[in-house]
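Beneath this line is the structure, given in structure tokens, with notes to follow.
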Amino acid sequence: MQRYSGFGLAKHALSHHENWERQWRNPTPKKQYDAIIVGGGGHGLATAYYLAKEHGITNVAVVEKGWLGGGNTARNTTIVRSNYLWDESAALYEHAMKLWEGLSQDLNYNVMFSQRGVMNLAHTLQDMRDVQRRVNANRLNGIDSVVLTPEQIQEIVPIMDCSKNARYPILGASWQPRAGVARHDAVAWGYARAADALGVDLLQNTEVTGFKIRDGRVYGVHTNRGDIEAKTVGCVAAGNSGVLARMAGFRLPLESHPLQALVSEPLKPVLDTVVMSNHVHGYISQTDKGDLVIGAGIDGYNGYGQRGSYPTVEHTLQAIVEMFPIFSRVRMNRQWGGIVDTSPDACPILSATPVKGLFFNCGWGTGGFKATPGSGHVFAWTLAKNQAHPLAAPFSIDRFHTGALVDEHGAAGVAH
Amino acid sequence: MFLIYCPHCEELREEEEFHPKGQAHIARPENPEACSDEQWGDYLFFRDNPRGIHHELWVHAVGCRKFFNVTRNTVSYEILETYRIGEQPRFTAEPPEGRPAESVVPRAEVVERQEGVKA
């Protein structure tokens, strides 16, 4: 792998930047691998990278039906935070946060992780109680988190309407200074390049059409480019997890929904943090390019269409304009939908399945991007050792039968 | 924006009046006490989540407030039919090539749909 550095940049300038190496190969599938990862998004690529780096399993294929990072990795609002309420989820997301903090160096790829802080607003007394409870829980778990008053909020975000006259007046907020945003595509590309350098085969335009299962044990996958064999298969397919599970002959406690987001035309710098409001339901940040990135809620119905409905967009923009009257005449450039796999308790499933050797990493719902490094890290451990990583253990699919749910829903200032 | 035909009001109304309530035709176990944890968990949480034809429950939340069923394609988002609770769907698998003929759509008509959102 050609290392990126300031020196390299200067050196390549001499040859007009025409001799950069390709970031990854485009190999033909081998007949057999030690492990197959189904899904070449951020989580899948991270899994492959940590399998190769931490566990020395480099004979790995990532099977992707489209192109790398072309699903929800390219369709999210890039927010990274770890201020979750429950111990189990806080530990998992904080694990990811710690990996985020060294990720650019680790991958030798600038993922533009910017710790600009994330604010979760409270508009009602109940919101305030929830915020205080969650901040206390976060601090007990060693996660930086503070409660802000409206005056402090106004100081951090001068353009927000913090007056008492607002339709939903802002009473306070939780604030995680270490949280922030990262460049979503760079995360996928960085993991892809680093995994490829360690020998992982990234197979794009390769769609899994079925699993090879014998005596309740998986030994490979059928694809549109022929059969590929492996004793361990990890599925990281987000919204399409249910479709894969059906191929393998079982069901998941998931529903796939469209989740929409929008970006505006580029503006001069006006918002240097991330603001989320669960109550009026909208969240917003500004990219380095100047676009406002706005996230909506999920559409309530099941859908695989990668688009959503107008009413959802309308409600979100009402919330944004209510909080930021200054944005009332900003024009939106693009709108899109990603397919998120929501679980009943709004927590992921990192788990073995009824088929031996087949593992699923899914159910991240509306908040998977922030977990990308942590998810890949613990899932790789799970695949390599054939047992759940201690951080992944509470997220086994068994919890939907034992009743030990990790009920993050609404409890964490999560915009669901 | 969907236009949904409420089989109770017998009118096409805008999506905003309705709430989706998930997969339809899930029978509650007759004797929950006798269920194993697996059976009860399956009933509560596990869903078909198909890519294609989906039977789902909706409620006309700000209209008649009654529940009814919808058969909808989860990829094209096309609504094939709406029918009352207790009735059986006419569309149960992928229809043959092309759109269903208007005449076979019961209670007419719920075919209006936006071609993607391009705001």
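Following the order of the structure tokens, chains are lettered A, B, ..., residues in each are numbered from 1, and ligands are numbered from 1.
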
Could you write out as an MDAnalysis selection string the residues of chain B within 7 Å of chain A, counting only C-alpha atoms?
chainID B and resid 1 16 20 22 37:38 41 45:51 74:76 116:119

Contacts of Asn69 of chain B at 9 Å or less, counting only C-alpha atoms, minus same-chain residues fewer than 4 places along, as a list in words?
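Skipping anything fewer than 4 positions along the chain leaves Pro7, Ala24, His25, His55, Glu56, Leu57, Trp58, Val59, Glu81, Thr82, Tyr83, Arg84, Ile85, Glu87 and Pro89 of chain B.
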
For those residues, write N, CA, C and O atoms to a file as a compact mmCIF listing (two decimals), in the first residue's frame.
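For reference, selection.txt as written:
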# COMPACT_ATOMS: atom_id res chain seq x y z
N PRO B 7 -61.41 1.64 3.55
CA PRO B 7 -62.57 0.80 3.24
C PRO B 7 -63.75 1.06 4.16
O PRO B 7 -64.85 0.57 3.90
N ALA B 24 -49.74 -7.35 8.90
CA ALA B 24 -51.11 -7.76 9.21
C ALA B 24 -51.20 -9.27 9.35
O ALA B 24 -50.24 -10.00 9.09
N HIS B 25 -52.37 -9.73 9.73
CA HIS B 25 -52.68 -11.17 9.84
C HIS B 25 -51.75 -11.91 10.80
O HIS B 25 -51.33 -13.03 10.54
N HIS B 55 -48.61 -7.50 3.36
CA HIS B 55 -49.92 -7.20 3.93
C HIS B 55 -49.70 -6.49 5.25
O HIS B 55 -48.98 -6.99 6.11
N GLU B 56 -50.29 -5.33 5.39
CA GLU B 56 -50.00 -4.56 6.59
C GLU B 56 -51.25 -3.89 7.14
O GLU B 56 -52.23 -3.68 6.44
N LEU B 57 -51.16 -3.59 8.41
CA LEU B 57 -52.27 -2.99 9.14
C LEU B 57 -52.09 -1.48 9.13
O LEU B 57 -50.99 -0.98 9.36
N TRP B 58 -53.14 -0.75 8.84
CA TRP B 58 -53.10 0.71 8.94
C TRP B 58 -54.29 1.15 9.78
O TRP B 58 -55.29 0.45 9.89
N VAL B 59 -54.17 2.34 10.34
CA VAL B 59 -55.30 2.91 11.06
C VAL B 59 -55.58 4.30 10.49
O VAL B 59 -54.67 5.06 10.18
N GLU B 81 -54.38 -3.02 -2.88
CA GLU B 81 -55.76 -3.14 -2.41
C GLU B 81 -55.80 -2.71 -0.95
O GLU B 81 -54.79 -2.73 -0.25
N THR B 82 -56.98 -2.32 -0.53
CA THR B 82 -57.22 -2.17 0.91
C THR B 82 -58.47 -2.98 1.23
O THR B 82 -59.36 -3.11 0.40
N TYR B 83 -58.49 -3.57 2.42
CA TYR B 83 -59.64 -4.42 2.76
C TYR B 83 -59.84 -4.41 4.26
O TYR B 83 -58.92 -4.10 5.03
N ARG B 84 -61.05 -4.73 4.66
CA ARG B 84 -61.39 -4.66 6.09
C ARG B 84 -60.77 -5.80 6.88
O ARG B 84 -60.45 -6.84 6.33
N ILE B 85 -60.65 -5.57 8.16
CA ILE B 85 -60.18 -6.63 9.06
C ILE B 85 -61.13 -7.82 8.93
O ILE B 85 -62.35 -7.65 8.89
N GLU B 87 -61.29 -9.79 6.37
CA GLU B 87 -61.34 -10.20 4.97
C GLU B 87 -59.96 -10.71 4.56
O GLU B 87 -58.96 -10.43 5.21
N PRO B 89 -56.87 -11.03 1.63
CA PRO B 89 -56.34 -10.25 0.51
C PRO B 89 -56.55 -10.97 -0.82
O PRO B 89 -56.58 -12.20 -0.86

Name all residues at most 8 Å from Phe324 of chain A (count only C-alpha atoms; drop same-chain ones fewer than 2 positions away) and give them as an NGL selection string.
:A and (159-161 or 320-322 or 326-328)

From the options B:Asn73, B:Gly52, B:Pro32, B:His60, which residue's atoms come nearest to Glu14 of chain B, counting only C-alpha atoms?
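Looking at the shortest contact to Glu14 of chain B, the residue is B:His60.
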
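Among the candidates A:Val293, A:Ile170, A:Leu358, A:Ile397, the one nearest to Ala230 of chain A when counting only C-alpha atoms is A:Leu358.
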
If we count only C-alpha atoms, what is near segment 101-105 of chain A at a cut-off of 10 Å, once residues fewer than 2 positions away on the same chain are taken out, given as a PDB file with N, CA and C atoms, in the first residue's frame?
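Written output follows (result.pdb):
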ATOM      1  N   ALA A  96     -16.677   2.307  20.055  1.00  0.00           N
ATOM      2  CA  ALA A  96     -16.559   2.854  18.703  1.00  0.00           C
ATOM      3  C   ALA A  96     -15.939   4.253  18.751  1.00  0.00           C
ATOM      4  N   MET A  97     -16.389   5.070  19.699  1.00  0.00           N
ATOM      5  CA  MET A  97     -15.891   6.445  19.793  1.00  0.00           C
ATOM      6  C   MET A  97     -14.383   6.465  19.997  1.00  0.00           C
ATOM      7  N   LYS A  98     -13.883   5.549  20.824  1.00  0.00           N
ATOM      8  CA  LYS A  98     -12.438   5.522  21.079  1.00  0.00           C
ATOM      9  C   LYS A  98     -11.683   5.120  19.812  1.00  0.00           C
ATOM     10  N   LEU A  99     -12.281   4.216  19.022  1.00  0.00           N
ATOM     11  CA  LEU A  99     -11.638   3.851  17.758  1.00  0.00           C
ATOM     12  C   LEU A  99     -11.687   5.012  16.768  1.00  0.00           C
ATOM     13  N   LEU A 107      -5.804   4.065   9.835  1.00  0.00           N
ATOM     14  CA  LEU A 107      -6.054   3.678   8.452  1.00  0.00           C
ATOM     15  C   LEU A 107      -5.139   4.399   7.476  1.00  0.00           C
ATOM     16  N   ASN A 108      -4.372   5.381   7.962  1.00  0.00           N
ATOM     17  CA  ASN A 108      -3.600   6.260   7.084  1.00  0.00           C
ATOM     18  C   ASN A 108      -4.530   6.859   6.016  1.00  0.00           C
ATOM     19  N   TYR A 109      -5.678   7.313   6.478  1.00  0.00           N
ATOM     20  CA  TYR A 109      -6.681   7.849   5.557  1.00  0.00           C
ATOM     21  C   TYR A 109      -7.466   8.902   6.330  1.00  0.00           C
ATOM     22  N   ASN A 110      -7.554  10.088   5.815  1.00  0.00           N
ATOM     23  CA  ASN A 110      -8.215  11.155   6.566  1.00  0.00           C
ATOM     24  C   ASN A 110      -9.730  10.969   6.528  1.00  0.00           C
ATOM     25  N   VAL A 111     -10.300  10.494   7.632  1.00  0.00           N
ATOM     26  CA  VAL A 111     -11.759  10.319   7.666  1.00  0.00           C
ATOM     27  C   VAL A 111     -12.451  11.597   8.144  1.00  0.00           C
ATOM     28  N   MET A 112     -11.662  12.649   8.306  1.00  0.00           N
ATOM     29  CA  MET A 112     -12.205  13.985   8.635  1.00  0.00           C
ATOM     30  C   MET A 112     -13.110  13.937   9.862  1.00  0.00           C
ATOM     31  N   PHE A 113     -12.680  13.166  10.863  1.00  0.00           N
ATOM     32  CA  PHE A 113     -13.445  13.086  12.104  1.00  0.00           C
ATOM     33  C   PHE A 113     -13.294  14.419  12.842  1.00  0.00           C
ATOM     34  N   SER A 114     -14.386  15.105  13.015  1.00  0.00           N
ATOM     35  CA  SER A 114     -14.367  16.446  13.594  1.00  0.00           C
ATOM     36  C   SER A 114     -15.194  16.439  14.868  1.00  0.00           C
ATOM     37  N   GLN A 115     -14.516  16.559  16.009  1.00  0.00           N
ATOM     38  CA  GLN A 115     -15.217  16.475  17.296  1.00  0.00           C
ATOM     39  C   GLN A 115     -15.764  17.843  17.662  1.00  0.00           C
ATOM     40  N   ARG A 178     -17.051  15.486  22.864  1.00  0.00           N
ATOM     41  CA  ARG A 178     -16.208  14.615  22.031  1.00  0.00           C
ATOM     42  C   ARG A 178     -16.955  14.098  20.814  1.00  0.00           C
ATOM     43  N   ALA A 179     -18.241  14.261  20.785  1.00  0.00           N
ATOM     44  CA  ALA A 179     -19.012  13.780  19.632  1.00  0.00           C
ATOM     45  C   ALA A 179     -18.775  14.709  18.445  1.00  0.00           C
ATOM     46  N   ALA A 186     -15.269   8.576   3.174  1.00  0.00           N
ATOM     47  CA  ALA A 186     -13.861   8.316   3.505  1.00  0.00           C
ATOM     48  C   ALA A 186     -13.734   7.144   4.466  1.00  0.00           C
ATOM     49  N   VAL A 187     -14.737   6.964   5.309  1.00  0.00           N
ATOM     50  CA  VAL A 187     -14.693   5.850   6.253  1.00  0.00           C
ATOM     51  C   VAL A 187     -14.719   4.525   5.484  1.00  0.00           C
ATOM     52  N   GLY A 190     -11.449   4.309   3.372  1.00  0.00           N
ATOM     53  CA  GLY A 190     -10.285   4.091   4.221  1.00  0.00           C
ATOM     54  C   GLY A 190     -10.206   2.640   4.674  1.00  0.00           C
ATOM     55  N   TYR A 191     -11.350   2.096   5.135  1.00  0.00           N
ATOM     56  CA  TYR A 191     -11.372   0.691   5.556  1.00  0.00           C
ATOM     57  C   TYR A 191     -11.108  -0.225   4.361  1.00  0.00           C
ATOM     58  N   PRO A 373     -16.701   1.724  13.421  1.00  0.00           N
ATOM     59  CA  PRO A 373     -15.465   1.044  13.844  1.00  0.00           C
ATOM     60  C   PRO A 373     -15.724   0.018  14.946  1.00  0.00           C
TER      61      PRO A 373
END

Residue with smallest distance to Gly117 of chain A - pool A:His16, A:Arg81, A:Arg3, A:Lys30, counting only C-alpha atoms:
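That would be A:Arg81, the residue with the smallest distance to Gly117 of chain A.
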
Can you pull out the residues contacting Val233 of chain A? Cut-off 8 Å, using only C-alpha atoms, and skip same-chain residues under 6 positions away; I want them as a PDB file with N, CA, C and O atoms, in the first residue's frame.
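Saved to result_0.pdb:
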ATOM      1  N   ALA A  35     -13.159 -16.720   5.433  1.00  0.00           N
ATOM      2  CA  ALA A  35     -14.384 -16.059   5.878  1.00  0.00           C
ATOM      3  C   ALA A  35     -14.931 -15.188   4.758  1.00  0.00           C
ATOM      4  O   ALA A  35     -14.170 -14.648   3.952  1.00  0.00           O
ATOM      5  N   ILE A  36     -16.263 -15.092   4.720  1.00  0.00           N
ATOM      6  CA  ILE A  36     -16.923 -14.212   3.750  1.00  0.00           C
ATOM      7  C   ILE A  36     -17.730 -13.187   4.525  1.00  0.00           C
ATOM      8  O   ILE A  36     -18.454 -13.532   5.466  1.00  0.00           O
ATOM      9  N   ILE A  37     -17.584 -11.922   4.154  1.00  0.00           N
ATOM     10  CA  ILE A  37     -18.433 -10.872   4.703  1.00  0.00           C
ATOM     11  C   ILE A  37     -19.414 -10.479   3.608  1.00  0.00           C
ATOM     12  O   ILE A  37     -18.999 -10.114   2.510  1.00  0.00           O
ATOM     13  N   VAL A  38     -20.699 -10.575   3.890  1.00  0.00           N
ATOM     14  CA  VAL A  38     -21.708 -10.185   2.903  1.00  0.00           C
ATOM     15  C   VAL A  38     -22.112  -8.743   3.197  1.00  0.00           C
ATOM     16  O   VAL A  38     -22.678  -8.454   4.248  1.00  0.00           O
ATOM     17  N   VAL A 218     -23.332 -23.603   7.583  1.00  0.00           N
ATOM     18  CA  VAL A 218     -23.080 -22.904   6.334  1.00  0.00           C
ATOM     19  C   VAL A 218     -21.689 -23.280   5.831  1.00  0.00           C
ATOM     20  O   VAL A 218     -20.768 -23.485   6.626  1.00  0.00           O
ATOM     21  N   GLY A 220     -20.751 -21.845   2.516  1.00  0.00           N
ATOM     22  CA  GLY A 220     -20.467 -20.956   1.396  1.00  0.00           C
ATOM     23  C   GLY A 220     -21.693 -20.186   0.955  1.00  0.00           C
ATOM     24  O   GLY A 220     -22.750 -20.274   1.589  1.00  0.00           O
ATOM     25  N   GLY A 357     -22.026 -21.246  11.924  1.00  0.00           N
ATOM     26  CA  GLY A 357     -21.042 -20.600  11.067  1.00  0.00           C
ATOM     27  C   GLY A 357     -21.567 -19.343  10.388  1.00  0.00           C
ATOM     28  O   GLY A 357     -20.811 -18.614   9.759  1.00  0.00           O
ATOM     29  N   LEU A 358     -22.868 -19.093  10.507  1.00  0.00           N
ATOM     30  CA  LEU A 358     -23.461 -17.914   9.882  1.00  0.00           C
ATOM     31  C   LEU A 358     -23.795 -16.895  10.975  1.00  0.00           C
ATOM     32  O   LEU A 358     -24.503 -17.213  11.926  1.00  0.00           O
ATOM     33  N   PHE A 359     -23.236 -15.702  10.836  1.00  0.00           N
ATOM     34  CA  PHE A 359     -23.430 -14.653  11.841  1.00  0.00           C
ATOM     35  C   PHE A 359     -24.082 -13.437  11.197  1.00  0.00           C
ATOM     36  O   PHE A 359     -23.860 -13.150  10.025  1.00  0.00           O
TER      37      PHE A 359
END
